[in-house]
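Here is data.cif, consisting of mmCIF, C-alpha atoms:
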data_start
#
loop_
_atom_site.label_atom_id
_atom_site.label_comp_id
_atom_site.auth_asym_id
_atom_site.auth_seq_id
_atom_site.Cartn_x
_atom_site.Cartn_y
_atom_site.Cartn_z
CA MET A 6 4.56 -23.70 18.31
CA ALA A 7 2.99 -26.94 19.16
CA ASP A 8 4.11 -29.67 16.81
CA GLU A 9 0.55 -30.45 15.98
CA HIS A 10 -1.23 -28.42 13.37
CA LYS A 11 -4.91 -27.86 13.13
CA LEU A 12 -5.60 -28.89 9.59
CA GLU A 13 -9.03 -27.56 8.88
CA ILE A 14 -10.18 -24.19 7.58
CA PHE A 15 -13.63 -22.62 7.11
CA ARG A 16 -14.68 -24.04 10.52
CA GLY A 17 -13.96 -27.59 9.51
CA LEU A 18 -15.62 -27.39 6.11
CA LEU A 19 -12.31 -28.07 4.41
CA LYS A 20 -9.92 -30.59 5.93
CA PHE A 21 -6.37 -31.15 4.78
CA LYS A 22 -4.18 -34.20 5.12
CA SER A 23 -0.94 -32.38 5.85
CA ASN A 24 0.25 -28.92 6.82
CA VAL A 25 1.84 -28.42 3.39
CA SER A 26 -1.40 -29.08 1.55
CA LYS A 27 -3.19 -26.71 3.92
CA ILE A 28 -0.68 -23.97 3.03
CA TRP A 29 -1.38 -24.44 -0.68
CA GLY A 30 -5.10 -24.48 0.00
CA VAL A 31 -4.88 -21.16 1.82
CA LEU A 32 -2.78 -19.72 -1.01
CA ILE A 33 -5.46 -20.68 -3.53
CA PHE A 34 -8.12 -19.09 -1.36
CA LEU A 35 -6.12 -15.86 -0.94
CA SER A 36 -5.45 -15.69 -4.68
CA ILE A 37 -9.14 -16.07 -5.45
CA VAL A 38 -10.01 -13.26 -3.02
CA THR A 39 -7.33 -11.00 -4.55
CA ALA A 40 -8.60 -11.79 -8.05
CA ILE A 41 -12.14 -10.84 -7.02
CA GLU A 42 -10.83 -7.56 -5.60
CA VAL A 43 -8.90 -6.73 -8.76
CA VAL A 44 -11.81 -7.55 -11.08
CA LEU A 45 -14.18 -5.44 -8.98
CA GLY A 46 -11.57 -2.66 -8.86
CA ILE A 47 -11.22 -2.59 -12.65
CA TYR A 48 -14.89 -2.88 -13.61
CA LYS A 49 -16.43 -1.04 -10.65
CA PRO A 50 -20.02 -2.27 -11.11
CA SER A 51 -22.21 0.83 -11.04
CA VAL A 52 -24.80 -0.82 -8.78
CA LEU A 53 -22.23 -1.14 -6.02
CA ILE A 54 -21.01 2.43 -6.42
CA GLU A 55 -24.42 4.07 -6.51
CA THR A 56 -25.66 2.46 -3.32
CA SER A 57 -23.98 3.53 -0.16
CA PHE A 58 -23.99 2.26 3.39
CA LEU A 59 -22.87 4.26 6.44
CA GLY A 60 -21.44 7.01 4.24
CA MET A 61 -19.40 4.76 2.00
CA HIS A 62 -20.02 2.96 -1.30
CA VAL A 63 -21.01 -0.67 -0.94
CA LEU A 64 -18.03 -1.50 -3.17
CA ASN A 65 -15.62 0.00 -0.65
CA TRP A 66 -17.23 -2.00 2.13
CA ILE A 67 -16.77 -5.14 0.07
CA PHE A 68 -13.08 -4.31 -0.40
CA ILE A 69 -12.58 -3.73 3.31
CA ILE A 70 -14.37 -6.93 4.29
CA LEU A 71 -12.39 -8.98 1.76
CA THR A 72 -9.19 -7.42 3.12
CA LEU A 73 -10.07 -8.41 6.66
CA ILE A 74 -10.81 -11.94 5.48
CA LYS A 75 -7.39 -12.10 3.81
CA ALA A 76 -5.75 -10.71 6.94
CA TYR A 77 -7.48 -13.38 9.02
CA TYR A 78 -6.14 -16.23 6.91
CA ILE A 79 -2.64 -14.80 6.72
CA ALA A 80 -2.50 -14.44 10.50
CA TRP A 81 -4.25 -17.70 11.29
CA ASP A 82 -2.55 -20.04 8.85
CA PHE A 83 0.68 -18.41 7.69
CA MET A 84 1.58 -16.97 11.08
CA HIS A 85 -0.06 -20.09 12.58
CA LEU A 86 -2.07 -18.28 15.20
CA ARG A 87 -4.52 -21.14 14.75
CA ASP A 88 -2.04 -23.43 16.52
CA GLU A 89 -1.24 -21.06 19.38
CA LYS A 90 -2.94 -20.96 22.76
CA SER A 91 -6.10 -18.90 22.71
CA SER A 92 -4.70 -16.59 25.41
CA LEU A 93 -1.79 -15.58 23.17
CA ARG A 94 -4.12 -15.22 20.21
CA ARG A 95 -6.44 -12.91 22.09
CA THR A 96 -3.60 -10.77 23.41
CA ILE A 97 -2.27 -10.27 19.90
CA VAL A 98 -5.55 -9.78 18.09
CA TRP A 99 -7.86 -7.82 20.37
CA THR A 100 -5.38 -5.17 21.51
CA PRO A 101 -4.85 -3.69 18.03
CA ILE A 102 -8.49 -4.19 17.05
CA PHE A 103 -9.64 -2.13 20.01
CA LEU A 104 -7.05 0.64 19.59
CA VAL A 105 -7.37 0.88 15.83
CA SER A 106 -11.17 1.03 15.82
CA TYR A 107 -10.99 3.82 18.37
CA LEU A 108 -8.45 5.76 16.31
CA ILE A 109 -10.37 5.33 13.08
CA PHE A 110 -13.62 6.38 14.70
CA ILE A 111 -12.11 9.60 16.08
CA LEU A 112 -10.14 10.57 12.97
CA LEU A 113 -12.86 9.91 10.43
CA PHE A 114 -15.45 11.83 12.44
CA GLU A 115 -13.09 14.77 12.74
CA ALA A 116 -12.25 14.63 9.05
CA ASP A 117 -15.92 14.64 8.13
CA TYR A 118 -16.40 17.72 10.27
CA ILE A 119 -13.50 19.53 8.61
CA HIS A 120 -14.90 18.54 5.24
CA GLU A 121 -18.16 20.22 6.23
CA VAL A 122 -16.31 23.38 7.22
CA TYR A 123 -14.47 23.44 3.91
CA SER A 124 -17.62 23.05 1.86
CA ASN A 125 -19.99 25.24 3.89
CA GLY A 126 -17.75 27.52 5.91
CA PHE A 127 -15.91 30.66 5.06
CA VAL A 128 -12.61 29.15 4.01
CA LYS A 129 -11.84 29.68 0.35
CA TRP A 130 -9.36 27.13 -0.88
CA ASN A 131 -10.24 26.63 -4.53
CA PHE A 132 -8.73 29.59 -6.38
CA MET B 7 15.64 -20.99 20.93
CA ASP B 8 15.28 -21.65 24.60
CA THR B 9 18.23 -20.30 26.54
CA THR B 10 16.69 -20.38 29.98
CA VAL B 11 18.24 -22.80 32.39
CA ILE B 12 15.76 -25.24 33.76
CA THR B 13 16.36 -25.44 37.48
CA GLY B 14 14.24 -28.41 38.22
CA GLU B 15 11.74 -26.43 40.24
CA GLU B 16 8.95 -26.81 37.74
CA GLU B 17 6.18 -25.60 40.04
CA ASN B 18 7.90 -22.29 40.76
CA VAL B 19 6.46 -19.68 38.41
CA TRP B 20 9.41 -17.32 38.73
CA GLY B 21 12.05 -20.03 38.71
CA GLY B 22 12.71 -19.73 34.99
CA GLY B 23 11.99 -22.09 32.15
CA ASN B 24 8.41 -21.06 32.11
CA LYS B 25 6.66 -20.39 28.84
CA PRO B 26 3.78 -18.04 29.45
CA LEU B 27 1.05 -18.35 26.82
CA GLY B 28 2.88 -21.39 25.47
CA ALA B 29 5.30 -19.38 23.37
CA SER B 30 9.04 -19.10 23.81
CA TYR B 31 10.58 -15.80 24.84
CA GLY B 32 11.87 -14.90 21.37
CA LYS B 33 8.66 -15.71 19.62
CA MET B 34 6.55 -13.78 22.06
CA MET B 35 8.78 -10.72 21.72
CA MET B 36 8.52 -10.99 17.94
CA TRP B 37 4.75 -11.02 18.31
CA PHE B 38 4.76 -7.99 20.58
CA PHE B 39 7.02 -6.14 18.16
CA ILE B 40 4.61 -7.00 15.37
CA VAL B 41 1.65 -5.71 17.37
CA SER B 42 3.37 -2.39 18.03
CA ASP B 43 4.46 -2.11 14.40
CA ALA B 44 0.91 -2.87 13.31
CA LEU B 45 -0.25 0.04 15.42
CA THR B 46 2.29 2.31 13.72
CA PHE B 47 1.02 1.33 10.29
CA SER B 48 -2.57 1.73 11.46
CA GLY B 49 -1.70 5.24 12.56
CA PHE B 50 -0.41 6.06 9.09
CA LEU B 51 -3.37 4.51 7.31
CA ALA B 52 -5.83 6.22 9.66
CA ALA B 53 -4.10 9.54 8.94
CA TYR B 54 -4.48 8.78 5.24
CA GLY B 55 -8.19 8.12 5.80
CA PHE B 56 -8.47 11.36 7.74
CA THR B 57 -6.97 13.39 4.91
CA ARG B 58 -9.02 11.62 2.33
CA PHE B 59 -12.31 12.25 4.12
CA LYS B 60 -11.24 15.84 4.56
CA PHE B 61 -10.76 16.32 0.81
CA LEU B 62 -13.36 13.79 -0.21
CA GLU B 63 -14.46 15.23 -3.54
CA THR B 64 -11.04 16.22 -4.83
CA TRP B 65 -9.01 13.10 -3.99
CA PRO B 66 -7.21 11.55 -7.00
CA ILE B 67 -8.59 8.32 -8.45
CA ALA B 68 -5.97 5.60 -7.99
CA ASP B 69 -7.02 3.82 -11.17
CA GLU B 70 -5.95 6.84 -13.19
CA VAL B 71 -2.67 7.23 -11.37
CA PHE B 72 -1.20 3.74 -11.39
CA THR B 73 -1.83 2.56 -14.91
CA HIS B 74 1.54 1.34 -16.12
CA VAL B 75 3.07 -2.07 -16.46
CA PRO B 76 6.80 -2.41 -17.17
CA PHE B 77 7.68 -3.33 -20.78
CA PHE B 78 4.10 -2.69 -21.92
CA HIS B 79 2.61 0.44 -23.37
CA GLY B 80 -0.95 1.41 -22.77
CA ASN B 81 -3.40 1.78 -19.99
CA TYR B 82 -3.61 -1.13 -17.53
CA PRO B 83 -4.94 0.09 -14.22
CA MET B 84 -4.29 -2.15 -11.21
CA ILE B 85 -2.68 -5.01 -13.11
CA TYR B 86 0.85 -4.44 -11.94
CA VAL B 87 -0.07 -3.84 -8.29
CA ALA B 88 -2.13 -7.01 -8.34
CA LEU B 89 0.89 -8.86 -9.66
CA MET B 90 3.07 -7.37 -6.90
CA THR B 91 0.50 -8.46 -4.32
CA PHE B 92 0.55 -11.95 -5.72
CA ILE B 93 4.37 -12.07 -5.66
CA LEU B 94 4.39 -11.04 -2.00
CA ILE B 95 1.74 -13.60 -1.03
CA MET B 96 3.71 -16.21 -2.96
CA SER B 97 6.90 -15.40 -1.07
CA SER B 98 4.87 -15.66 2.13
CA VAL B 99 3.90 -19.17 1.09
CA THR B 100 7.49 -20.24 0.46
CA MET B 101 8.31 -18.82 3.89
CA VAL B 102 5.61 -20.94 5.54
CA LEU B 103 6.92 -23.95 3.65
CA ALA B 104 10.42 -23.19 4.96
CA VAL B 105 9.09 -23.05 8.52
CA ASP B 106 7.23 -26.29 7.97
CA ALA B 107 10.35 -27.98 6.58
CA GLY B 108 12.26 -26.63 9.58
CA HIS B 109 9.88 -28.36 11.94
CA LYS B 110 10.61 -31.60 10.18
CA MET B 111 14.37 -30.84 10.27
CA GLN B 112 14.65 -31.03 6.47
CA HIS B 113 17.76 -28.92 5.99
CA ASN B 114 17.84 -28.78 2.18
CA LYS B 115 14.20 -27.89 1.84
CA VAL B 116 14.61 -25.01 4.28
CA VAL B 117 17.53 -23.70 2.24
CA TRP B 118 15.57 -23.77 -1.01
CA TYR B 119 12.39 -22.25 0.39
CA MET B 120 14.33 -19.48 2.13
CA PHE B 121 16.10 -18.77 -1.15
CA LEU B 122 12.79 -18.49 -3.03
CA THR B 123 11.41 -16.21 -0.31
CA ILE B 124 14.38 -13.87 -0.67
CA ILE B 125 13.98 -13.78 -4.46
CA GLY B 126 10.26 -12.96 -4.11
CA GLY B 127 11.03 -10.17 -1.66
CA ALA B 128 13.70 -8.72 -3.94
CA ILE B 129 11.32 -8.71 -6.91
CA PHE B 130 8.72 -6.93 -4.81
CA VAL B 131 11.13 -4.21 -3.64
CA GLY B 132 12.29 -3.74 -7.23
CA SER B 133 8.70 -3.39 -8.42
CA GLN B 134 8.03 -0.81 -5.78
CA ALA B 135 11.08 1.18 -6.87
CA TRP B 136 9.78 1.06 -10.44
CA GLU B 137 6.36 2.18 -9.27
CA TRP B 138 7.92 5.13 -7.47
CA ALA B 139 10.00 6.07 -10.49
CA THR B 140 6.93 6.03 -12.76
CA PHE B 141 4.95 8.09 -10.29
CA ILE B 142 7.72 10.67 -9.90
CA LYS B 143 8.27 10.94 -13.64
CA GLY B 144 4.59 11.58 -14.29
CA ASP B 145 2.29 10.92 -17.17
CA TYR B 146 0.59 13.81 -18.91
CA GLY B 147 1.62 16.91 -17.03
CA ALA B 148 -0.77 19.50 -15.61
CA ILE B 149 -1.17 23.11 -14.57
CA GLU B 150 -1.23 24.14 -10.94
CA THR B 151 -3.36 27.14 -9.98
CA LYS B 152 -2.45 29.87 -7.53
CA GLY B 153 -4.39 28.04 -4.83
CA GLY B 154 -2.53 24.78 -5.47
CA ARG B 155 -5.37 23.06 -7.39
CA ILE B 156 -4.51 20.90 -10.37
CA LEU B 157 -5.94 21.46 -13.86
CA GLN B 158 -5.51 18.59 -16.31
CA PHE B 159 -6.16 18.58 -20.04
CA VAL B 160 -8.54 16.37 -21.95
CA ASP B 161 -9.78 16.13 -25.50
CA GLY B 162 -13.24 17.73 -25.50
CA LYS B 163 -14.67 15.17 -27.93
CA THR B 164 -13.26 11.84 -26.78
CA GLY B 165 -12.65 12.70 -23.14
CA ASP B 166 -9.13 11.21 -23.31
CA ARG B 167 -6.28 12.77 -21.40
CA VAL B 168 -3.87 14.88 -23.44
CA ALA B 169 -0.21 15.30 -22.55
CA LEU B 170 1.41 18.74 -22.41
CA ALA B 171 3.94 17.62 -25.00
CA ASP B 172 1.14 17.10 -27.53
CA PHE B 173 -0.08 20.68 -27.62
CA ALA B 174 2.30 23.08 -25.88
CA LYS B 175 3.62 25.67 -28.28
CA ILE B 176 7.39 25.96 -28.23
CA ILE B 177 8.36 29.61 -27.84
CA GLU B 178 12.00 30.43 -28.46
CA ASP B 179 13.99 32.80 -26.31
CA GLU B 180 12.60 31.57 -23.03
CA ARG B 181 14.75 31.44 -19.95
CA SER B 182 16.90 28.36 -19.43
CA GLN B 183 17.89 26.36 -16.39
CA HIS B 184 20.18 28.31 -14.07
CA THR B 185 23.38 26.43 -13.29
CA SER B 186 26.51 27.26 -11.31
CA SER B 187 28.54 27.62 -14.51
CA GLU B 188 26.23 30.41 -15.69
CA GLY B 189 26.62 32.96 -12.97
CA VAL B 190 29.03 34.33 -10.42
CA TRP B 191 26.54 34.24 -7.60
CA PHE B 192 24.92 30.87 -7.94
CA GLU B 193 21.67 30.36 -6.19
CA ASN B 194 20.04 26.98 -6.21
CA GLU B 195 17.23 26.41 -8.63
CA GLY B 196 14.97 23.39 -8.83
CA THR B 197 14.59 21.64 -12.16
CA LEU B 198 12.51 23.70 -14.56
CA PRO B 199 9.54 21.98 -16.18
CA THR B 200 9.82 21.22 -19.89
CA TYR B 201 7.29 23.91 -20.77
CA THR B 202 6.49 27.30 -19.32
CA VAL B 203 2.98 28.34 -18.34
CA ASN B 204 2.93 30.72 -21.28
CA GLU B 205 3.77 27.92 -23.73
CA VAL B 206 1.00 25.76 -22.36
CA LEU B 207 -1.52 28.63 -22.49
CA GLN B 208 -0.66 29.52 -26.08
CA GLY B 209 -0.86 25.90 -27.12
CA PHE B 210 -4.20 25.56 -25.39
CA GLN B 211 -5.63 28.59 -27.13
CA ALA B 212 -4.51 27.27 -30.50
CA ASN B 213 -6.15 23.85 -30.01
CA GLN B 214 -9.92 24.24 -30.15
CA ASN B 215 -10.56 20.67 -29.00
CA LEU B 216 -8.93 20.94 -25.62
CA VAL B 217 -10.76 21.49 -22.37
CA VAL B 218 -9.73 21.50 -18.72
CA ARG B 219 -10.49 18.81 -16.19
CA THR B 220 -10.60 19.88 -12.55
CA GLU B 221 -9.95 17.92 -9.36
CA PHE B 222 -13.60 17.90 -8.38
CA LYS B 223 -15.54 14.66 -8.63
CA ASP B 224 -19.26 14.52 -9.41
CA GLU B 225 -21.71 12.16 -7.67
CA ASN B 226 -20.59 9.26 -9.85
CA GLY B 227 -16.95 9.71 -9.00
CA HIS B 228 -15.90 11.18 -12.34
CA LYS B 229 -13.77 14.30 -12.45
CA THR B 230 -15.57 17.43 -13.64
CA ILE B 231 -14.74 18.64 -17.15
CA LEU B 232 -15.18 22.35 -17.86
CA SER B 233 -16.58 23.88 -21.04
CA ARG B 234 -14.16 25.46 -23.49
CA GLU B 235 -15.02 29.01 -22.33
CA ASP B 236 -14.71 28.16 -18.65
CA SER B 237 -11.45 26.36 -19.33
CA LEU B 238 -9.95 29.38 -21.06
CA MET B 239 -11.13 31.73 -18.35
CA LYS B 240 -9.82 29.54 -15.54
CA LEU B 241 -6.45 29.03 -17.20
CA ASN B 242 -5.93 32.69 -17.99
CA LYS B 243 -6.93 33.80 -14.53
CA GLU B 244 -5.45 31.15 -12.26
CA ALA B 245 -2.62 29.24 -13.94
CA ALA B 246 0.55 29.56 -11.90
CA LEU B 247 2.87 26.62 -12.52
CA VAL B 248 3.51 23.72 -14.87
CA VAL B 249 3.69 20.44 -12.97
CA GLU B 250 5.17 17.24 -14.38
CA GLY B 251 5.10 14.16 -12.20
CA ALA B 252 4.91 14.19 -8.44
CA ASN B 253 7.08 15.05 -5.50
CA LEU B 254 6.41 16.12 -1.94
CA ILE B 255 5.42 19.66 -2.95
CA HIS B 256 3.69 19.35 -6.34
CA ASN B 257 1.63 16.54 -7.78
CA GLU B 258 0.21 16.46 -11.30
CA TYR B 259 -2.32 13.77 -10.36
CA GLY B 260 -4.23 15.98 -7.96
CA SER B 261 -3.98 16.60 -4.24
CA ARG B 262 -0.35 16.85 -3.19
CA LEU B 263 -1.18 15.09 0.06
CA PHE B 264 -1.93 12.02 -2.01
CA ALA B 265 1.70 11.98 -3.16
CA ASP B 266 2.96 12.66 0.35
CA PHE B 267 1.05 9.74 1.80
CA PHE B 268 1.99 7.53 -1.11
CA PHE B 269 5.69 8.18 -0.59
CA PHE B 270 5.44 7.89 3.16
CA ILE B 271 3.33 4.77 3.55
CA THR B 272 4.62 2.70 0.63
CA GLY B 273 8.10 3.93 1.50
CA PHE B 274 7.77 2.78 5.08
CA HIS B 275 6.38 -0.53 3.91
CA GLY B 276 9.13 -0.88 1.31
CA PHE B 277 11.66 -0.26 4.04
CA HIS B 278 10.11 -3.11 6.01
CA VAL B 279 10.30 -5.41 3.00
CA PHE B 280 13.90 -4.39 2.45
CA SER B 281 14.91 -5.07 6.06
CA GLY B 282 12.92 -8.31 5.89
CA VAL B 283 14.98 -9.39 2.89
CA ILE B 284 18.20 -8.55 4.75
CA ILE B 285 17.12 -10.51 7.84
CA ASN B 286 16.06 -13.40 5.62
CA ILE B 287 19.48 -13.40 3.97
CA ILE B 288 21.19 -13.56 7.37
CA ILE B 289 19.01 -16.47 8.44
CA PHE B 290 19.51 -18.08 5.02
CA PHE B 291 23.28 -18.14 5.55
CA ASN B 292 22.81 -19.44 9.07
CA VAL B 293 20.72 -22.27 7.68
CA ILE B 294 23.37 -23.07 5.06
CA LEU B 295 26.09 -23.06 7.73
CA GLY B 296 24.01 -25.53 9.70
CA THR B 297 23.60 -23.35 12.79
CA TYR B 298 20.05 -24.53 13.43
CA GLU B 299 20.89 -28.09 12.46
CA LYS B 300 23.39 -28.11 15.34
CA ARG B 301 20.87 -26.44 17.60
CA LYS B 302 18.35 -29.11 16.60
CA ASN B 303 15.80 -26.36 16.40
CA TYR B 304 14.66 -24.17 13.50
CA GLU B 305 12.68 -21.70 15.58
CA MET B 306 14.73 -18.76 14.27
CA VAL B 307 13.29 -19.45 10.82
CA GLU B 308 9.84 -19.33 12.34
CA LYS B 309 10.54 -15.98 14.00
CA VAL B 310 11.75 -14.26 10.83
CA GLY B 311 8.83 -15.97 9.13
CA LEU B 312 6.46 -14.14 11.46
CA TYR B 313 8.05 -10.83 10.51
CA TRP B 314 7.86 -11.68 6.82
CA HIS B 315 4.18 -12.59 7.00
CA PHE B 316 3.54 -9.37 8.86
CA VAL B 317 5.03 -7.41 5.96
CA ASP B 318 2.69 -9.29 3.64
CA LEU B 319 -0.23 -8.57 5.95
CA VAL B 320 0.48 -4.85 5.93
CA TRP B 321 0.67 -4.86 2.14
CA VAL B 322 -2.80 -6.38 1.96
CA PHE B 323 -4.09 -3.30 3.78
CA VAL B 324 -1.97 -0.80 1.84
CA PHE B 325 -3.20 -2.39 -1.39
CA THR B 326 -6.82 -1.98 -0.34
CA PHE B 327 -6.62 1.56 0.95
CA PHE B 328 -4.29 3.00 -1.67
CA TYR B 329 -5.31 1.21 -4.81
CA LEU B 330 -8.80 -0.21 -4.42
CA VAL B 331 -10.96 1.92 -2.18
#
Structure rendered as structure tokens:
Amino acid sequence: MADEHKLEIFRGLLKFKSNVSKIWGVLIFLSIVTAIEVVLGIYKPSVLIETSFLGMHVLNWIFIILTLIKAYYIAWDFMHLRDEKSSLRRTIVWTPIFLVSYLIFILLFEADYIHEVYSNGFVKWNF
Amino acid sequence: MDTTVITGEEENVWGGGNKPLGASYGKMMMWFFIVSDALTFSGFLAAYGFTRFKFLETWPIADEVFTHVPFFHGNYPMIYVALMTFILIMSSVTMVLAVDAGHKMQHNKVVWYMFLTIIGGAIFVGSQAWEWATFIKGDYGAIETKGGRILQFVDGKTGDRVALADFAKIIEDERSQHTSSEGVWFENEGTLPTYTVNEVLQGFQANQNLVVRTEFKDENGHKTILSREDSLMKLNKEAALVVEGANLIHNEYGSRLFADFFFFITGFHGFHVFSGVIINIIIFFNVILGTYEKRKNYEMVEKVGLYWHFVDLVWVFVFTFFYLV
């Protein structure tokens, strides 16, 4: 790793004086996000469950987005991808993103189809 | 660590000493290992998603499964997992601090931060073992139908879950566990449940308050509760087995695939945490012995740090897809 650290997060909105204080800052941010997830998970506001978007509750989308945000900060600041060359960063990040989105797309579509067969087809499985 | 010999021919790409993408050999290989391992975990989680979408309206609700906190009685969904998540993130932070201290060649700080990281990892693995034990032991007990569906018992008035132990009628002169000391020709027998189907049925008939809760969820995500008549009919017609707790074949919480994926994915992750702790311990001793001090380079700490953060990263996803969504 380069000896220099980039000391700002949120696109420069928050600047830190040293790498150590940046680490604590990121920890606080991650803890807040986790706390939000847990509170939402316990109370499950009915508004977010009753509305759905692309076949999933809005609440689940919120969880997934918050997870991706957490993953971003863990990779960027704890695994210091922020300080690496952009070529390395892209190699590491885009390869899995491409493959995983493809896999998820295929599997979830197939699962939805099988679900249809189970509920409308001839298979009896609840006896 | 940079073991390549620098030949002096700096312009020659293949002459050695080159650092493609600005990362040393070891670090780049650690990154590529992490990418491939991330794909493995994604495969597992995608398979979990596949199964869940397939059995969308009968999938167990995680909030009702993981409700225990060690040393506390009562119903606390999510609290303990959230605590485990926090412990793992915390140990990730001490790891980053160790790496940072390593860059500044602060030997003692590296030792202390590595030590804290190892402690955090050990607590996490222990918590996971406890979580498994609680899951395997089970909560209330249930009846499995001939088709492998799960029927749970609730109080018809309050809607609270009722444990088998609270209503099953003890009938004497039932068969007992078969052991090798009992017979000449011993055949293996799995552990018998505490109650037989007959005992549960009799107890159910005697308790007018009880009704059956099925695996099916309504539009609002609540499990369907049958009327007293339907409950009796379903139990008398379809009850096949008493299930207590969960294993790979039976699962009192609902779909058995839920238990299979739980054991497989959290087990695989727990194995990663465990090996991470071992690797951290090795590096910890190396730091104490001053190996990296002599090398004037703490990059090894950074490399195991990458692995450790990766384990944390995976947990963030497991946490979301197993416990939250």
Since I can't run it myself right now, could you work out what the PyMOL selection byres ((chain B) within 8 of (chain A)) selects here and report it as a PDB file with C-alpha atoms, in the coordinates of the input?
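Generated file (result.pdb):
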ATOM      1  CA  LEU B  27       1.050 -18.350  26.820  1.00  0.00           C
ATOM      2  CA  GLY B  28       2.880 -21.390  25.470  1.00  0.00           C
ATOM      3  CA  ALA B  29       5.300 -19.380  23.370  1.00  0.00           C
ATOM      4  CA  TRP B  37       4.750 -11.020  18.310  1.00  0.00           C
ATOM      5  CA  PHE B  38       4.760  -7.990  20.580  1.00  0.00           C
ATOM      6  CA  VAL B  41       1.650  -5.710  17.370  1.00  0.00           C
ATOM      7  CA  ALA B  44       0.910  -2.870  13.310  1.00  0.00           C
ATOM      8  CA  LEU B  45      -0.250   0.040  15.420  1.00  0.00           C
ATOM      9  CA  SER B  48      -2.570   1.730  11.460  1.00  0.00           C
ATOM     10  CA  GLY B  49      -1.700   5.240  12.560  1.00  0.00           C
ATOM     11  CA  ALA B  52      -5.830   6.220   9.660  1.00  0.00           C
ATOM     12  CA  ALA B  53      -4.100   9.540   8.940  1.00  0.00           C
ATOM     13  CA  GLY B  55      -8.190   8.120   5.800  1.00  0.00           C
ATOM     14  CA  PHE B  56      -8.470  11.360   7.740  1.00  0.00           C
ATOM     15  CA  THR B  57      -6.970  13.390   4.910  1.00  0.00           C
ATOM     16  CA  PHE B  59     -12.310  12.250   4.120  1.00  0.00           C
ATOM     17  CA  LYS B  60     -11.240  15.840   4.560  1.00  0.00           C
ATOM     18  CA  PHE B  61     -10.760  16.320   0.810  1.00  0.00           C
ATOM     19  CA  LEU B  62     -13.360  13.790  -0.210  1.00  0.00           C
ATOM     20  CA  ASP B  69      -7.020   3.820 -11.170  1.00  0.00           C
ATOM     21  CA  PRO B  83      -4.940   0.090 -14.220  1.00  0.00           C
ATOM     22  CA  MET B  84      -4.290  -2.150 -11.210  1.00  0.00           C
ATOM     23  CA  ILE B  85      -2.680  -5.010 -13.110  1.00  0.00           C
ATOM     24  CA  ALA B  88      -2.130  -7.010  -8.340  1.00  0.00           C
ATOM     25  CA  PHE B  92       0.550 -11.950  -5.720  1.00  0.00           C
ATOM     26  CA  ILE B  95       1.740 -13.600  -1.030  1.00  0.00           C
ATOM     27  CA  MET B  96       3.710 -16.210  -2.960  1.00  0.00           C
ATOM     28  CA  SER B  98       4.870 -15.660   2.130  1.00  0.00           C
ATOM     29  CA  VAL B  99       3.900 -19.170   1.090  1.00  0.00           C
ATOM     30  CA  VAL B 102       5.610 -20.940   5.540  1.00  0.00           C
ATOM     31  CA  LEU B 103       6.920 -23.950   3.650  1.00  0.00           C
ATOM     32  CA  ASP B 106       7.230 -26.290   7.970  1.00  0.00           C
ATOM     33  CA  HIS B 109       9.880 -28.360  11.940  1.00  0.00           C
ATOM     34  CA  THR B 151      -3.360  27.140  -9.980  1.00  0.00           C
ATOM     35  CA  LYS B 152      -2.450  29.870  -7.530  1.00  0.00           C
ATOM     36  CA  GLY B 153      -4.390  28.040  -4.830  1.00  0.00           C
ATOM     37  CA  GLY B 154      -2.530  24.780  -5.470  1.00  0.00           C
ATOM     38  CA  ARG B 155      -5.370  23.060  -7.390  1.00  0.00           C
ATOM     39  CA  ASN B 226     -20.590   9.260  -9.850  1.00  0.00           C
ATOM     40  CA  GLU B 244      -5.450  31.150 -12.260  1.00  0.00           C
ATOM     41  CA  GLY B 311       8.830 -15.970   9.130  1.00  0.00           C
ATOM     42  CA  LEU B 312       6.460 -14.140  11.460  1.00  0.00           C
ATOM     43  CA  HIS B 315       4.180 -12.590   7.000  1.00  0.00           C
ATOM     44  CA  LEU B 319      -0.230  -8.570   5.950  1.00  0.00           C
ATOM     45  CA  VAL B 322      -2.800  -6.380   1.960  1.00  0.00           C
ATOM     46  CA  PHE B 323      -4.090  -3.300   3.780  1.00  0.00           C
ATOM     47  CA  THR B 326      -6.820  -1.980  -0.340  1.00  0.00           C
ATOM     48  CA  LEU B 330      -8.800  -0.210  -4.420  1.00  0.00           C
ATOM     49  CA  VAL B 331     -10.960   1.920  -2.180  1.00  0.00           C
TER      50      VAL B 331
END
*Taking into account all atoms listed in the file, which residue in the set B:Ile156, B:Ile255, B:Ala171, B:Val317 is nearest to Phe280 in chain B?*
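Between B:Ile156, B:Ile255, B:Ala171, B:Val317, the residue approaching Phe280 in chain B most closely is B:Val317.
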*asked:* Between CA of Gly80 in chain B and CA of Phe210 in chain B, what distance in Å does the model show, to one decimal?
replied: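 Computed distance, CA of Gly80 in chain B to CA of Phe210 in chain B, equals 24.5 Å.
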*Between CA of Thr272 in chain B and CA of Trp321 in chain B, measure the distance and give it in Å to one decimal.*
8.7 Å
*Which polymer residues have any atom within 8 Å of an atom of Met101 in chain B, counting only C-alpha atoms, with same-chain residues fewer than 5 positions away left out, as a list in words?*
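Surrounding residues, per the criterion: Tyr119, Met120, Thr123, Gly311 and Trp314 of chain B.
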Go ahead and save the picked residues with C-alpha atoms, as a PDB file, keeping the file's coordinate frame.
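Contents of out_20.pdb, as written:
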ATOM      1  CA  TYR B 119      12.390 -22.250   0.390  1.00  0.00           C
ATOM      2  CA  MET B 120      14.330 -19.480   2.130  1.00  0.00           C
ATOM      3  CA  THR B 123      11.410 -16.210  -0.310  1.00  0.00           C
ATOM      4  CA  GLY B 311       8.830 -15.970   9.130  1.00  0.00           C
ATOM      5  CA  TRP B 314       7.860 -11.680   6.820  1.00  0.00           C
TER       6      TRP B 314
END
